[in-house]
Amino acid sequence: MMKSTRARFVIVALLVCTFAIGMATFLNYFKYKATVGETVKSRVLVVANPIETSVQASLALGLNFAELGILNSLLARQKASDTLITGIDVYDTAGKILYSTDSPRVGQQAPAAWLEAARSMGKKEDWAVEEKNQLVTGIALKNNFDLTAGFLAVRYSRAYLDAATGRVAEKLLSTAIPVLAVIGLLAPLALMLVMRRFDRDMHAVTAALQSDAPVSGPFADAVADMKKNLAEADKGLDAAQAELARLA
Amino acid sequence: MPRRLNSLGWPDMDASYLKRIYWRISGITMLLVILALAANSYLSHKIFEAELVPETAKKAVTVGASVSNLILKAVSAGVDYKALYGVDKAFQEVFDSNPEFTFMAATDTSGKILYQAGKAPDGGNAYFTSAAVLARLKQAAPSQDSTLVGGQYMVTLPMATATEPLGLLHIGIDRSFVDRIALEILLDILVVLVVALFFTLELLNFMAGAHLEAGLRNLSLTLARIRERDFTSRVRGSAQDEIGRILQHIDNAVARLNARYQQLTKDLQTQLKSASYGQRAELQGVVAQWEALRARFRFGSASEVATGQEAGLNQIRAPLFVFIMAEELTRSFLPGYINKLLVPIPGLSPQVVIGLPIVLFMLIVALGQPYLGGWSERVGRRKAMTIGALVATVGFVATAMANSLYDLLLWRSLCAIGYGMVFVAAQGYILDHSGPRDRAKGFALFIGAIMVATVCGPSIGGILADNIGYRLSFAVAAVLAALSIAIIALLPVDKVRTNAKESALPSLREIFGLLRNRRFMTLTGLAAIPAKVMLTGVCFYLVPLFIVSIGSTQSMAGRMLMVYAVLMVLIVPLAASAADRGSSRERLVAAGLCISGLGGFLLLSTTSFWVIFGVVFTLGIGQALSIASQSALVADHCHEEIKRFGSDAVYGVYRLLERLGNALGPLLASVLVIYYDYQGAFIAISALVLICGLLFALLIKLDPPPKEVSA
Amino acid sequence: MTRLLLAALLLCFVMGEVSAQTQRPFRIYAITFRGMTDVEKGFQDYFTARKIPVEITFRDLNRDATRMPGFLEEIRRTKPDLVYTWGTSVTLGVVGALDKINPQSHITDIPVVFTLVAAPVLAKIVPDLKSSGRNVTGVFHVAPTETQMRAMAAYRPFKKIGVLYSPTERNSVVTLEEIREVGKKMNFTVIEKKFQLDAANKLIADGAAEMVAEMKAANAEWLYLPPDSFLGTQAQKIVIPAARESGLPTFASTEQLMQAGALAGLISRYHSIGQFTAYKAEQILVKKTPAKNIPVETLTRFSFQVQLESAIQLGLPPPLPMFNYADFVAPPAPAN
């Protein structure tokens, strides 16, 4: 088979395999990222549970959401229970931070993105926001008649997750590339197998053209006809030339 | 003996020979892809397990700590640790919200299980009572390590009051949770496989196809010519490959014959010139032989130069495919993106607003097409395509960065103009590069590229949007559109016709004349427009929005659209050949409309995505059955109109109305959603199409086409 | 004409400005049944927390229906923005039963928000919970019967429960019917015991303790205490001690019964009820929603209260998950 065309077929096979492996790696990477993100998020939210319970109990007792004295110490305790957590804030529906593990934040306004995410949480139980340096997730704090009193936000390390996903990206790439390399070696071989018949057909034509061997294959009739015509023309020319020579 | 050529201008045998080669190469390529994917999945599963297990163990420690706190709370409230009640319930609650945990147990200080829930691991008791595990009772902080026990990764936490240790809490993580996560991308991997298959065929065609095809064609034409004793020599490019060498060989033989013939002619002439009268009489025998040779064989060089027209026609496929793919990519997630950028427009409900950019796009494409045809002729097809792709690229980039719905409308208009330009110019290119003989092949190629793009685009687009977000996905579309510019640059430069005639726009008189024509409107209004309304209303508007609204993903919407496109690819050729073999086109169109109309009623049952799948499936079958026959019916049924207005005008108006149906689809669907919700809108559109289908069948029966008197 | 219109518009505009600046407090006329409770505290706290200026006039019926006409007359005279009524009797006194509304005496032109009515439909205050169809809305405080049965089963599953109730109280009779229905669904049977009546057809507590013991003997696993007025008066002195003696856990349907010493109960916190009532009042006063468009509701989350000490003594500690959310309450001060 023609060399250049075969090379092109190999390139096609490699391109398609690269696409497939690329997509698979892409899907794996994002699946891992989502899974590990979800795992860490739910782990961080476990820490938020006692705070939610405490706020609900206090609200049910008739305490004002803005005057939950014990909350700051509870926040500090819960923050300490997981090193990933960089801070916990509790803010009201207007976004004013009422309690925080970082006392300077109290009284400040929570970022608009948090409020937006919390408000558009819909039927979901939690909300999440990705920031440049940290990840934030949280829940709504509701009273006994489902009126949202405020929100809880847990801030946690982004670097940790980025490192994990980065590591996995590297590992995934370092498996995808060898797989591709192996396919790169296999592809010419596999294609050669398939193309053998084509080669055989072409060789048959070449052989038939170069010798008197009988032709086989899909082009047999055409080649045989052609040879017969060529021979016939040759013979005719021979005869005329010989006659001409005889008369000269 | 005349050469027998098929519709492709090929000796039959060789066309199927080429097809066989293609399929074999595609088969082996797919095998390689599957092999690669399997190896890759196996290896990435290992990575997942290595990376996710420690992370899940950490979560188990945190969850375990909260359960342990609860137990301590109960104990400190005065309940004896051994007399706790409902511990298994607390464990069960943990499983409910964390399905990767499958076993929990609390033991006393000797390792005896007091409470447990879930699937106990084999060999658990030996593990719980082992000295190494019991040593953890004395640990202050729980260890985040996990141990594989009977197919579960076991995480162990000590529990102790201020004064004494109580026991250990064990949490088992099911080893197969990694399998479940890996399986969740299986559907996406299947989509990748399907797309890979279509890519293979497309790439074979682009990379090797033209080359191999031309070679084989040349070979078989040459063989056929010599079979007919035509020895005229041809101008040919250099031959480096096998076919080239064979051709060279034949050419050499032919050239030798030609040389000998010329030599003979020259010798004969020389001898005749110098011959005496008597000799001349003798030479007459040779002259007769020479004339017999001339009569039997054709020598000399051919005036006809093997043209690259065929190859030129094929070249349009790749850029068209890449460009259409850019637009198709956005189908599954565009409505979701608009939804995100939504700003309330007073007096318009959000549903209609979401439909607006889609409606606008379709409207621009529909109305722009007649003008763009003439324009692309004036500036040249290649240049028109380049400009179109450029405009669309800008449109995609800007769409990716859109601030609100308002500027989005503008950017989508750019995409629409670009799309219209490329579409029309590509059509023109095919007209320019094909004779009447291979025009059908040209358009089959055109439609083929678009169909394959509709298979690959929405599904990949959905996957992209789910993972990298809307904006980056639009950026990918922009990259594809830009890539198409590069491939367009590879097209042969076409001669710009300065005196190009204005392409015939249908005049208002013609439009109104046809709008009042019952036969024409039966075909257009009851078949073509409803089919398009259903396509754009359901596939481009309702499906993406509804799928996401029932909690599924853009990827799922993409998969649905892919199923639709695959059905089209598979069934359209079957339906077309059925129509060619004499099946009634009217029946195919009526049946297609009715089938696509019936699907929507599935939604009367439930609203799971399987039902949506059913709707898309029946819609695909219905559309595929009717689409090839629809436009052919115009020629069948509207002889008089074509005689009166001309074929161009009739088809121009037909296409215009059909494309307006494209624009009407999302508009109608969005209005229906306001009043009847998604389900109702699906059903209403389906009912509409069903009614149109039935009316069409009835009217076509009442008004059969005038029988042609066959010559 | 145009100028006049313009002036009027301007006036409206100016007045709007003024009222926004120095908002006149909303005037609320509140009638309680037996003095101030946590409900009123929650009611007031809500307005304070939301910074809604209100001026509440409290009047107490002190269980004396003869005082009602005086209150109604005062309401007519002072024309408050809203009337608050505590309990079924007060509410019926102010708005009248659906089939016995007397426009001369009952209040119809001022929105009325009731609270702490156990069964507003049964009491004919509203035809159904979605809308009163009149200038009335409010909050009821008893958790739906099925919710209570499920809460009881969450504490300890059961196949048989005992119920002691007053046959003369319609409310209790209906509750009992509901329990039987739920029993079919949840697969348990009900042992019913009625308080006895004396010659004058008045309820008496005689034999109540014995009936409780009989239930225990018949393998009842819980004694359910319905929202029954007479039971409420006898619970702390007779019924609950009798149950405790025979080792039968008691489940309270109201905070009052819980305070009488029941082992556990799913109850509405009076303070939350007061807040929720204030939320309804806010809809009417601030959001200007007509009372008839506001549904009659109860809390979405109830307090699960447990007397932990008694529970441990009885050998019936709460299930572990309950330590997360239950309120552990102290035993009541000894009666008398």
# chains A, B, ... in the order shown; residues from 1 in each chain; ligands from 1
>>> interface_residues(of="chain C", to="chain A", cutoff="6 Å", atoms="only C-alpha atoms", output="JSON, numbers by chain")
{"C": [271, 272, 299, 300, 301]}
>>> write_last_selection(atoms="C-alpha atoms", output="PDB file, in the first residue's frame")
ATOM      1  CA  HIS C 271     -42.408  31.489  72.143  1.00  0.00           C
ATOM      2  CA  SER C 272     -42.108  30.211  68.556  1.00  0.00           C
ATOM      3  CA  LEU C 299     -44.756  25.428  62.970  1.00  0.00           C
ATOM      4  CA  THR C 300     -42.754  23.294  60.585  1.00  0.00           C
ATOM      5  CA  ARG C 301     -40.461  22.131  63.332  1.00  0.00           C
TER       6      ARG C 301
END
>>> select_by_dssp(residues="stretch 82-152 of chain A", states="alpha helix (DSSP H)", output="list in words")
Ala112, Ala113, Trp114, Leu115, Glu116, Ala117, Ala118 and Arg119 of chain A
>>> write_last_selection(atoms="C-alpha atoms", output="compact mmCIF listing (two decimals), in the first residue's frame")
# COMPACT_ATOMS: atom_id res chain seq x y z
CA ALA A 112 -22.30 39.55 48.01
CA ALA A 113 -21.42 36.27 46.29
CA TRP A 114 -22.11 34.35 49.52
CA LEU A 115 -25.50 35.96 49.92
CA GLU A 116 -26.31 35.32 46.30
CA ALA A 117 -25.28 31.68 46.51
CA ALA A 118 -27.18 31.21 49.74
CA ARG A 119 -30.31 32.85 48.35
>>> closest_residue(among="A:Ile85, A:Ala190, A:Leu75, A:Val136", to="chain B", atoms="only C-alpha atoms")
A:Ala190
>>> residues_around(residues="stretch 11-21 of chain A", least_positions_apart="6", cutoff="8 Å", atoms="only C-alpha atoms", output="ChimeraX atom specification")
/A:176,180,183-184,187 /B:29,32-33,36-37,40,192-193,196,199-200,203-204,207
>>> write_last_selection(atoms="C-alpha atoms", output="short mmCIF file (atom, residue, chain, number, x, y, z; two decimals), in the first residue's frame")
data_model
loop_
_atom_site.label_atom_id
_atom_site.label_comp_id
_atom_site.auth_asym_id
_atom_site.auth_seq_id
_atom_site.Cartn_x
_atom_site.Cartn_y
_atom_site.Cartn_z
CA ALA A 176 -2.64 8.73 29.40
CA LEU A 180 -1.14 6.70 23.80
CA ILE A 183 -1.38 2.74 20.85
CA GLY A 184 1.02 4.66 18.67
CA ALA A 187 -1.67 1.39 15.31
CA THR B 29 -9.36 2.36 14.66
CA LEU B 32 -7.71 0.70 19.07
CA VAL B 33 -9.85 3.39 20.72
CA ALA B 36 -6.95 2.58 24.73
CA LEU B 37 -10.02 3.56 26.72
CA ASN B 40 -6.89 4.13 30.50
CA VAL B 192 -16.98 9.73 23.45
CA LEU B 193 -16.88 6.37 21.65
CA ALA B 196 -14.82 8.97 18.03
CA PHE B 199 -14.53 11.53 13.88
CA THR B 200 -12.68 8.57 12.40
CA LEU B 203 -10.87 12.36 9.45
CA LEU B 204 -10.27 9.45 7.06
CA MET B 207 -6.72 13.19 5.72
#
>>> interface_residues(of="chain C", to="chain B", cutoff="6 Å", atoms="only C-alpha atoms", output="MDAnalysis selection string")
chainID C and resid 319:321
>>> write_last_selection(atoms="C-alpha atoms", output="PDB file, in the first residue's frame")
ATOM      1  CA  PRO C 319     -32.692   6.831  71.034  1.00  0.00           C
ATOM      2  CA  LEU C 320     -29.199   8.110  70.308  1.00  0.00           C
ATOM      3  CA  PRO C 321     -30.017  10.423  67.354  1.00  0.00           C
TER       4      PRO C 321
END
>>> residues_around(residues="stretch 213-229 of chain C", least_positions_apart="4", cutoff="9 Å", atoms="only C-alpha atoms", output="compact mmCIF listing (two decimals) with N, CA, C and O atoms, in the first residue's frame")
# COMPACT_ATOMS: atom_id res chain seq x y z
N ALA C 118 -56.14 25.00 69.16
CA ALA C 118 -55.68 23.65 68.86
C ALA C 118 -56.19 23.18 67.51
O ALA C 118 -55.46 22.60 66.72
N VAL C 142 -51.01 22.59 67.79
CA VAL C 142 -50.86 21.17 68.02
C VAL C 142 -50.33 20.51 66.74
O VAL C 142 -50.88 20.72 65.67
N MET C 152 -43.60 9.51 68.40
CA MET C 152 -43.68 8.53 69.49
C MET C 152 -42.98 7.23 69.09
O MET C 152 -42.20 6.65 69.85
N ARG C 156 -39.86 5.10 70.78
CA ARG C 156 -39.96 3.66 70.97
C ARG C 156 -41.09 3.15 70.08
O ARG C 156 -42.21 3.65 70.19
N PRO C 157 -40.82 2.20 69.23
CA PRO C 157 -41.90 1.66 68.40
C PRO C 157 -42.97 1.00 69.28
O PRO C 157 -42.65 0.52 70.36
N PHE C 158 -44.20 1.00 68.81
CA PHE C 158 -45.28 0.44 69.64
C PHE C 158 -46.33 -0.22 68.77
O PHE C 158 -46.45 0.07 67.58
N LYS C 159 -47.08 -1.12 69.38
CA LYS C 159 -48.18 -1.78 68.68
C LYS C 159 -49.51 -1.40 69.32
O LYS C 159 -50.58 -1.66 68.77
N LYS C 160 -49.44 -0.85 70.54
CA LYS C 160 -50.66 -0.57 71.28
C LYS C 160 -50.47 0.71 72.08
O LYS C 160 -49.46 0.86 72.77
N ILE C 161 -51.41 1.64 71.96
CA ILE C 161 -51.31 2.80 72.85
C ILE C 161 -52.63 3.00 73.57
O ILE C 161 -53.71 2.61 73.09
N GLY C 162 -52.52 3.60 74.75
CA GLY C 162 -53.72 3.95 75.50
C GLY C 162 -53.99 5.43 75.34
O GLY C 162 -53.06 6.23 75.24
N VAL C 163 -55.31 5.77 75.30
CA VAL C 163 -55.68 7.18 75.25
C VAL C 163 -56.79 7.40 76.28
O VAL C 163 -57.78 6.67 76.32
N LEU C 164 -56.58 8.40 77.11
CA LEU C 164 -57.59 8.77 78.10
C LEU C 164 -58.13 10.13 77.68
O LEU C 164 -57.36 11.06 77.47
N TYR C 165 -59.47 10.24 77.54
CA TYR C 165 -59.98 11.50 77.02
C TYR C 165 -61.38 11.81 77.55
O TYR C 165 -62.03 10.97 78.16
N SER C 166 -61.80 13.03 77.27
CA SER C 166 -63.12 13.46 77.72
C SER C 166 -64.12 13.25 76.59
O SER C 166 -63.96 13.86 75.53
N GLU C 169 -65.67 16.40 75.02
CA GLU C 169 -64.90 17.41 74.27
C GLU C 169 -64.74 16.96 72.82
O GLU C 169 -64.11 15.95 72.53
N ASN C 171 -63.13 18.15 70.42
CA ASN C 171 -61.75 18.16 70.00
C ASN C 171 -61.07 16.81 70.25
O ASN C 171 -60.39 16.25 69.39
N SER C 172 -61.31 16.26 71.45
CA SER C 172 -60.69 15.00 71.83
C SER C 172 -61.27 13.85 71.02
O SER C 172 -60.55 12.93 70.61
N THR C 175 -59.70 13.93 67.66
CA THR C 175 -58.31 13.47 67.74
C THR C 175 -58.27 11.95 67.81
O THR C 175 -57.45 11.31 67.14
N LEU C 176 -59.17 11.39 68.60
CA LEU C 176 -59.20 9.94 68.75
C LEU C 176 -59.48 9.25 67.41
O LEU C 176 -58.86 8.25 67.06
N VAL C 190 -55.55 0.91 69.47
CA VAL C 190 -55.77 1.96 70.47
C VAL C 190 -56.66 1.42 71.59
O VAL C 190 -57.70 0.82 71.33
N ILE C 191 -56.21 1.58 72.84
CA ILE C 191 -57.06 1.26 73.99
C ILE C 191 -57.66 2.57 74.46
O ILE C 191 -56.94 3.48 74.89
N GLU C 192 -58.99 2.71 74.31
CA GLU C 192 -59.61 4.00 74.63
C GLU C 192 -60.27 3.94 76.00
O GLU C 192 -60.98 2.99 76.32
N LYS C 193 -60.03 4.96 76.78
CA LYS C 193 -60.70 5.07 78.08
C LYS C 193 -61.24 6.48 78.21
O LYS C 193 -60.56 7.45 77.87
N ALA C 208 -59.75 7.47 87.18
CA ALA C 208 -58.77 7.73 86.12
C ALA C 208 -57.51 6.90 86.34
O ALA C 208 -56.99 6.27 85.43
N ALA C 209 -57.03 6.89 87.59
CA ALA C 209 -55.80 6.17 87.89
C ALA C 209 -55.96 4.68 87.58
O ALA C 209 -55.06 4.04 87.02
N THR C 233 -56.30 19.49 83.24
CA THR C 233 -56.45 19.86 84.65
C THR C 233 -56.11 18.69 85.57
O THR C 233 -55.80 18.90 86.74
N ALA C 235 -53.90 16.04 84.70
CA ALA C 235 -52.69 15.32 84.31
C ALA C 235 -51.66 15.27 85.43
O ALA C 235 -51.17 14.20 85.80
N ALA C 242 -50.08 8.25 87.99
CA ALA C 242 -50.59 6.87 87.88
C ALA C 242 -49.81 6.11 86.81
O ALA C 242 -49.45 4.94 86.99
N ALA C 243 -49.55 6.77 85.72
CA ALA C 243 -48.81 6.13 84.63
C ALA C 243 -47.40 5.79 85.09
O ALA C 243 -46.86 4.71 84.81
N GLU C 245 -46.39 5.24 87.99
CA GLU C 245 -46.45 4.15 88.96
C GLU C 245 -46.52 2.79 88.26
O GLU C 245 -45.85 1.84 88.64
N SER C 246 -47.31 2.74 87.19
CA SER C 246 -47.43 1.43 86.53
C SER C 246 -46.37 1.25 85.43
O SER C 246 -46.41 0.27 84.69
N GLY C 247 -45.45 2.20 85.33
CA GLY C 247 -44.35 2.04 84.37
C GLY C 247 -44.78 2.29 82.93
O GLY C 247 -44.18 1.75 81.99
N LEU C 248 -45.80 3.09 82.72
CA LEU C 248 -46.29 3.38 81.37
C LEU C 248 -45.77 4.76 80.96
O LEU C 248 -46.05 5.76 81.62
N PRO C 249 -44.97 4.83 79.87
CA PRO C 249 -44.49 6.16 79.46
C PRO C 249 -45.63 7.00 78.90
O PRO C 249 -46.54 6.48 78.27
N THR C 250 -45.54 8.31 79.14
CA THR C 250 -46.61 9.20 78.69
C THR C 250 -46.08 10.13 77.61
O THR C 250 -44.93 10.55 77.64
N PHE C 251 -46.96 10.43 76.66
CA PHE C 251 -46.57 11.30 75.54
C PHE C 251 -47.52 12.49 75.47
O PHE C 251 -48.73 12.33 75.36
N ALA C 252 -46.94 13.69 75.55
CA ALA C 252 -47.78 14.90 75.65
C ALA C 252 -47.99 15.53 74.28
O ALA C 252 -47.11 15.51 73.43
N SER C 253 -49.20 16.08 74.11
CA SER C 253 -49.49 16.75 72.84
C SER C 253 -49.35 18.27 72.96
O SER C 253 -49.38 18.96 71.95
N THR C 254 -49.27 18.77 74.21
CA THR C 254 -49.12 20.23 74.37
C THR C 254 -48.05 20.52 75.40
O THR C 254 -47.68 19.66 76.21
N LEU C 257 -49.22 19.94 78.99
CA LEU C 257 -49.16 18.55 79.45
C LEU C 257 -47.72 18.14 79.72
O LEU C 257 -47.43 17.36 80.63
N ALA C 262 -45.22 14.85 81.74
CA ALA C 262 -45.19 13.74 80.78
C ALA C 262 -43.74 13.38 80.47
O ALA C 262 -42.83 14.22 80.58
>>> residues_around(residues="B:Val191", least_positions_apart="5", cutoff="8 Å", atoms="only C-alpha atoms", output="short mmCIF file (atom, residue, chain, number, x, y, z; two decimals) with N, CA, C and O atoms, in the first residue's frame")
data_model
loop_
_atom_site.label_atom_id
_atom_site.label_comp_id
_atom_site.auth_asym_id
_atom_site.auth_seq_id
_atom_site.Cartn_x
_atom_site.Cartn_y
_atom_site.Cartn_z
N SER B 459 -23.31 16.63 22.10
CA SER B 459 -22.93 15.71 23.17
C SER B 459 -21.63 16.15 23.82
O SER B 459 -21.52 16.23 25.05
N ILE B 460 -20.64 16.49 22.98
CA ILE B 460 -19.37 16.96 23.54
C ILE B 460 -19.59 18.30 24.25
O ILE B 460 -19.06 18.54 25.34
N ARG B 559 -26.57 14.20 25.23
CA ARG B 559 -26.75 12.81 24.81
C ARG B 559 -28.06 12.64 24.05
O ARG B 559 -28.13 11.93 23.04
#
>>> closest_residue(among="A:Lys124, A:Arg197, A:Arg8, A:Lys132", to="chain B", atoms="only C-alpha atoms")
A:Arg8
>>> residues_around(residues="A:Tyr99", least_positions_apart="5", cutoff="10 Å", atoms="only C-alpha atoms", output="PyMOL selection string")
chain A and resi 66-69+71-73+75+88-92+104-107+152
>>> write_last_selection(atoms="N, CA and C atoms", output="compact mmCIF listing (two decimals), in the first residue's frame")
# COMPACT_ATOMS: atom_id res chain seq x y z
N ALA A 66 -29.55 37.73 67.04
CA ALA A 66 -28.39 38.61 67.18
C ALA A 66 -27.77 38.52 68.58
N GLU A 67 -28.40 37.77 69.46
CA GLU A 67 -27.90 37.75 70.84
C GLU A 67 -27.67 36.33 71.33
N LEU A 68 -27.00 35.51 70.53
CA LEU A 68 -26.73 34.13 70.93
C LEU A 68 -25.32 34.09 71.55
N GLY A 69 -25.26 34.37 72.84
CA GLY A 69 -23.98 34.55 73.53
C GLY A 69 -23.01 33.40 73.36
N LEU A 71 -22.53 31.38 71.00
CA LEU A 71 -22.20 30.93 69.66
C LEU A 71 -20.72 31.10 69.31
N ASN A 72 -20.14 32.23 69.72
CA ASN A 72 -18.73 32.47 69.34
C ASN A 72 -17.80 31.38 69.84
N SER A 73 -18.02 30.93 71.07
CA SER A 73 -17.13 29.89 71.59
C SER A 73 -17.38 28.57 70.87
N LEU A 75 -18.33 28.27 67.75
CA LEU A 75 -17.68 28.41 66.44
C LEU A 75 -16.19 28.11 66.57
N ILE A 88 -15.14 30.35 60.44
CA ILE A 88 -16.59 30.14 60.35
C ILE A 88 -17.28 31.47 60.64
N ASP A 89 -18.23 31.83 59.81
CA ASP A 89 -18.98 33.06 60.02
C ASP A 89 -20.47 32.74 60.05
N VAL A 90 -21.19 33.51 60.85
CA VAL A 90 -22.64 33.43 60.85
C VAL A 90 -23.15 34.83 60.57
N TYR A 91 -24.00 34.95 59.54
CA TYR A 91 -24.50 36.28 59.23
C TYR A 91 -26.01 36.25 59.02
N ASP A 92 -26.62 37.44 59.15
CA ASP A 92 -28.07 37.49 59.04
C ASP A 92 -28.49 37.61 57.57
N PRO A 104 -12.52 40.42 64.15
CA PRO A 104 -12.63 41.66 63.37
C PRO A 104 -13.72 41.60 62.30
N ARG A 105 -14.11 40.41 61.93
CA ARG A 105 -15.11 40.30 60.87
C ARG A 105 -16.51 40.62 61.37
N VAL A 106 -16.72 40.51 62.68
CA VAL A 106 -18.06 40.75 63.23
C VAL A 106 -18.48 42.18 62.94
N GLY A 107 -19.68 42.32 62.43
CA GLY A 107 -20.18 43.64 62.11
C GLY A 107 -19.95 44.01 60.65
N LEU A 152 -24.89 30.29 57.67
CA LEU A 152 -23.63 29.89 58.25
C LEU A 152 -22.67 29.67 57.08
>>> decode(residues="stretch 165-179 of chain A", atoms="C-alpha atoms", output="tab-separated table (two decimals), in the first residue's frame")
chain	number	residue	atom	x	y	z
A	165	THR	CA	-6.49	17.84	42.01
A	166	GLY	CA	-3.12	18.94	40.66
A	167	ARG	CA	-1.58	15.71	41.82
A	168	VAL	CA	-4.34	13.69	40.18
A	169	ALA	CA	-4.06	15.68	36.96
A	170	GLU	CA	-0.39	14.78	36.83
A	171	LYS	CA	-1.05	11.14	37.53
A	172	LEU	CA	-3.83	10.95	34.94
A	173	LEU	CA	-1.61	12.55	32.33
A	174	SER	CA	1.26	10.26	33.18
A	175	THR	CA	-0.98	7.28	32.48
A	176	ALA	CA	-2.64	8.73	29.40
A	177	ILE	CA	0.66	9.43	27.65
A	178	PRO	CA	2.08	5.89	27.93
A	179	VAL	CA	-1.27	4.47	26.85
